Amino acid sequence: MIDLMVSIAVIAVLIGLLLPSLASVNETARRVVCQSNVRQIGLGLVMYANDHDGQLPSSRFISTGLMSRAVARPDKMLMLRVGDEDSRPDLAPWDGLGVLYSNEYIPAAKVFYCPSHRGDNPYSAYATSWNGLPGEIVCNYHFRGEGPSSIGVGARTTNNLWAIDPAQSSLIADGMRVRSDCNHQVGVNFFRADLTVHWFNDPTGNFADRLPITKNEASPEVVIDAWQAFDQSANAERN
């Protein structure tokens with residue numbers, strides 16, 4: 001009996017030692033799936049642009065779309081289909097990356113959801129809306145909707161993919177409207193206009209800590225700064 005209890009204790013200790021490693025391996029696997037999702041969405045953007053004279057999917061939340069820069073809401077650009085609050089009778093409900101789904105460039109809904117997401121917007125929260133019921137649909141990936149046409153301070157932005165500087169323009173990233181949108185606590189996957197997926201490393205979680213906690217505190221400026229940080233990381237890679 002004593003030998004059995006000792007064996008069980010040893011096994012319990014070994015399991016305790018292995019659990020952190022297993023959790024790390026699982027998160028690495030989920031990150032790879034997330035990267036694949038980002039790449040698929042990015043390729044969907046390219047296919048859409050090729051069919052629409054270089055134009056990226058339109059959004060009511062960006063300045064190059066239907067509003068001035070002063071009232072643009074880039075923090076809302078993880079919305080695929082708008083709800084009553086943002087509904088307009090003259091516009092289709094599908095917005096931004098949601099246009100890729102409604103036009104069947106990305107026909108699989110779950111591609112828009114990261115397996116590491118632990119916030120308020122899992123696929124299950126919108127399953128009924130994906131299955132035909134009306135209502136808002138939010139995904140786990142942020143859409144920029146535009147990009148700088150050249151490098152440096154004062155560079156103009158454009159929503160034409162062919163005019164965007166491909167080597168330094170990030171277009172899709174893990175969600176960043178609020179802190180719970182962060183799919184990975186130690187970094188961000190993002191897609192550049194040169195069709196490559198990159199990892200923005202943030203091992204101390206400073207990026208997530210800068211995001212607001214609630215939607216009421218969501219800030220366009222924070223999201224704009226994040227896109228610029230991703231662009232700068234691309235520039236750093238080239239130098």
# chains A, B, ... in the order shown; residues from 1 in each chain; ligands from 1
>>> residues_around(residues="region 184-196 of chain A", least_positions_apart="6", cutoff="9 Å", atoms="only C-alpha atoms", output="count of residues only")
36
>>> residues_around(residues="region 214-220 of chain A", least_positions_apart="2", cutoff="9 Å", atoms="only C-alpha atoms", output="ChimeraX atom specification")
/A:72-76,177-180,211-212,222-225
>>> atom_distance(atom1="CA of Leu133 (chain A)", atom2="CA of Met47 (chain A)")
27.7 Å
>>> closest_atom_pairs(of="region 131-234 of chain A", to="region 90-105 of chain A", cutoff="9 Å", atoms="only C-alpha atoms", output="tab-separated table")
residue	atom	partner	partner_atom	distance
A:Glu136	CA	A:Pro93	CA	8.7
A:Ile137	CA	A:Gly98	CA	8.6
A:Tyr141	CA	A:Leu97	CA	8.8
A:His142	CA	A:Leu97	CA	8.5
A:Phe143	CA	A:Leu97	CA	6.6
A:Arg144	CA	A:Gly96	CA	8.8
A:Gly145	CA	A:Gly96	CA	7.0
>>> decode(residues="region 26-62 of chain A", atoms="N, CA and C atoms", output="tab-separated table (two decimals), in the first residue's frame")
chain	number	residue	atom	x	y	z
A	26	ASN	N	0.16	23.71	-26.35
A	26	ASN	CA	-1.19	23.92	-26.87
A	26	ASN	C	-1.37	25.34	-27.39
A	27	GLU	N	-0.83	26.32	-26.66
A	27	GLU	CA	-0.95	27.71	-27.11
A	27	GLU	C	-0.16	27.94	-28.40
A	28	THR	N	0.99	27.30	-28.51
A	28	THR	CA	1.76	27.42	-29.75
A	28	THR	C	0.97	26.86	-30.93
A	29	ALA	N	0.30	25.74	-30.73
A	29	ALA	CA	-0.52	25.15	-31.79
A	29	ALA	C	-1.68	26.07	-32.16
A	30	ARG	N	-2.31	26.66	-31.14
A	30	ARG	CA	-3.42	27.58	-31.42
A	30	ARG	C	-2.93	28.82	-32.16
A	31	ARG	N	-1.72	29.27	-31.81
A	31	ARG	CA	-1.17	30.44	-32.50
A	31	ARG	C	-0.95	30.14	-33.98
A	32	VAL	N	-0.51	28.92	-34.29
A	32	VAL	CA	-0.32	28.53	-35.69
A	32	VAL	C	-1.65	28.53	-36.43
A	33	VAL	N	-2.70	28.03	-35.79
A	33	VAL	CA	-4.03	28.06	-36.41
A	33	VAL	C	-4.47	29.50	-36.64
A	34	CYS	N	-4.21	30.36	-35.66
A	34	CYS	CA	-4.54	31.77	-35.79
A	34	CYS	C	-3.81	32.39	-36.98
A	35	GLN	N	-2.53	32.09	-37.12
A	35	GLN	CA	-1.76	32.60	-38.25
A	35	GLN	C	-2.35	32.14	-39.57
A	36	SER	N	-2.81	30.89	-39.62
A	36	SER	CA	-3.45	30.37	-40.82
A	36	SER	C	-4.74	31.14	-41.12
A	37	ASN	N	-5.52	31.43	-40.07
A	37	ASN	CA	-6.75	32.21	-40.28
A	37	ASN	C	-6.43	33.59	-40.84
A	38	VAL	N	-5.43	34.25	-40.25
A	38	VAL	CA	-5.06	35.59	-40.70
A	38	VAL	C	-4.61	35.55	-42.16
A	39	ARG	N	-3.85	34.52	-42.50
A	39	ARG	CA	-3.39	34.40	-43.89
A	39	ARG	C	-4.56	34.18	-44.85
A	40	GLN	N	-5.50	33.32	-44.46
A	40	GLN	CA	-6.66	33.07	-45.33
A	40	GLN	C	-7.48	34.33	-45.53
A	41	ILE	N	-7.68	35.09	-44.46
A	41	ILE	CA	-8.43	36.34	-44.59
A	41	ILE	C	-7.66	37.32	-45.48
A	42	GLY	N	-6.34	37.37	-45.29
A	42	GLY	CA	-5.52	38.25	-46.12
A	42	GLY	C	-5.60	37.89	-47.60
A	43	LEU	N	-5.55	36.61	-47.90
A	43	LEU	CA	-5.67	36.19	-49.29
A	43	LEU	C	-7.06	36.50	-49.84
A	44	GLY	N	-8.08	36.41	-48.96
A	44	GLY	CA	-9.42	36.82	-49.37
A	44	GLY	C	-9.46	38.29	-49.74
A	45	LEU	N	-8.75	39.13	-48.97
A	45	LEU	CA	-8.66	40.56	-49.29
A	45	LEU	C	-8.05	40.77	-50.67
A	46	VAL	N	-6.98	40.04	-50.94
A	46	VAL	CA	-6.30	40.18	-52.23
A	46	VAL	C	-7.23	39.77	-53.38
A	47	MET	N	-7.93	38.67	-53.22
A	47	MET	CA	-8.86	38.23	-54.27
A	47	MET	C	-9.96	39.26	-54.49
A	48	TYR	N	-10.48	39.81	-53.39
A	48	TYR	CA	-11.52	40.83	-53.51
A	48	TYR	C	-10.97	42.06	-54.24
A	49	ALA	N	-9.77	42.51	-53.84
A	49	ALA	CA	-9.18	43.69	-54.48
A	49	ALA	C	-8.93	43.45	-55.97
A	50	ASN	N	-8.48	42.26	-56.32
A	50	ASN	CA	-8.24	41.96	-57.73
A	50	ASN	C	-9.51	42.01	-58.55
A	51	ASP	N	-10.64	41.73	-57.92
A	51	ASP	CA	-11.93	41.76	-58.63
A	51	ASP	C	-12.59	43.13	-58.59
A	52	HIS	N	-12.02	44.07	-57.81
A	52	HIS	CA	-12.66	45.39	-57.63
A	52	HIS	C	-11.65	46.52	-57.84
A	53	ASP	N	-10.85	46.40	-58.88
A	53	ASP	CA	-9.91	47.45	-59.26
A	53	ASP	C	-9.00	47.89	-58.12
A	54	GLY	N	-8.61	46.95	-57.29
A	54	GLY	CA	-7.68	47.23	-56.22
A	54	GLY	C	-8.30	47.71	-54.92
A	55	GLN	N	-9.61	47.96	-54.92
A	55	GLN	CA	-10.25	48.50	-53.73
A	55	GLN	C	-10.42	47.43	-52.65
A	56	LEU	N	-10.10	47.80	-51.41
A	56	LEU	CA	-10.37	46.93	-50.28
A	56	LEU	C	-11.86	47.01	-49.93
A	57	PRO	N	-12.39	46.02	-49.22
A	57	PRO	CA	-13.79	46.09	-48.80
A	57	PRO	C	-14.07	47.38	-48.03
A	58	SER	N	-15.20	47.99	-48.33
A	58	SER	CA	-15.54	49.27	-47.71
A	58	SER	C	-16.04	49.08	-46.28
A	59	SER	N	-15.96	50.15	-45.52
A	59	SER	CA	-16.47	50.14	-44.16
A	59	SER	C	-16.99	51.51	-43.80
A	60	ARG	N	-18.07	51.52	-43.05
A	60	ARG	CA	-18.63	52.79	-42.56
A	60	ARG	C	-17.81	53.37	-41.42
A	61	PHE	N	-16.78	52.67	-40.98
A	61	PHE	CA	-16.02	53.10	-39.80
A	61	PHE	C	-14.67	53.74	-40.12
A	62	ILE	N	-14.28	53.82	-41.41
A	62	ILE	CA	-12.98	54.39	-41.73
A	62	ILE	C	-13.13	55.69	-42.51
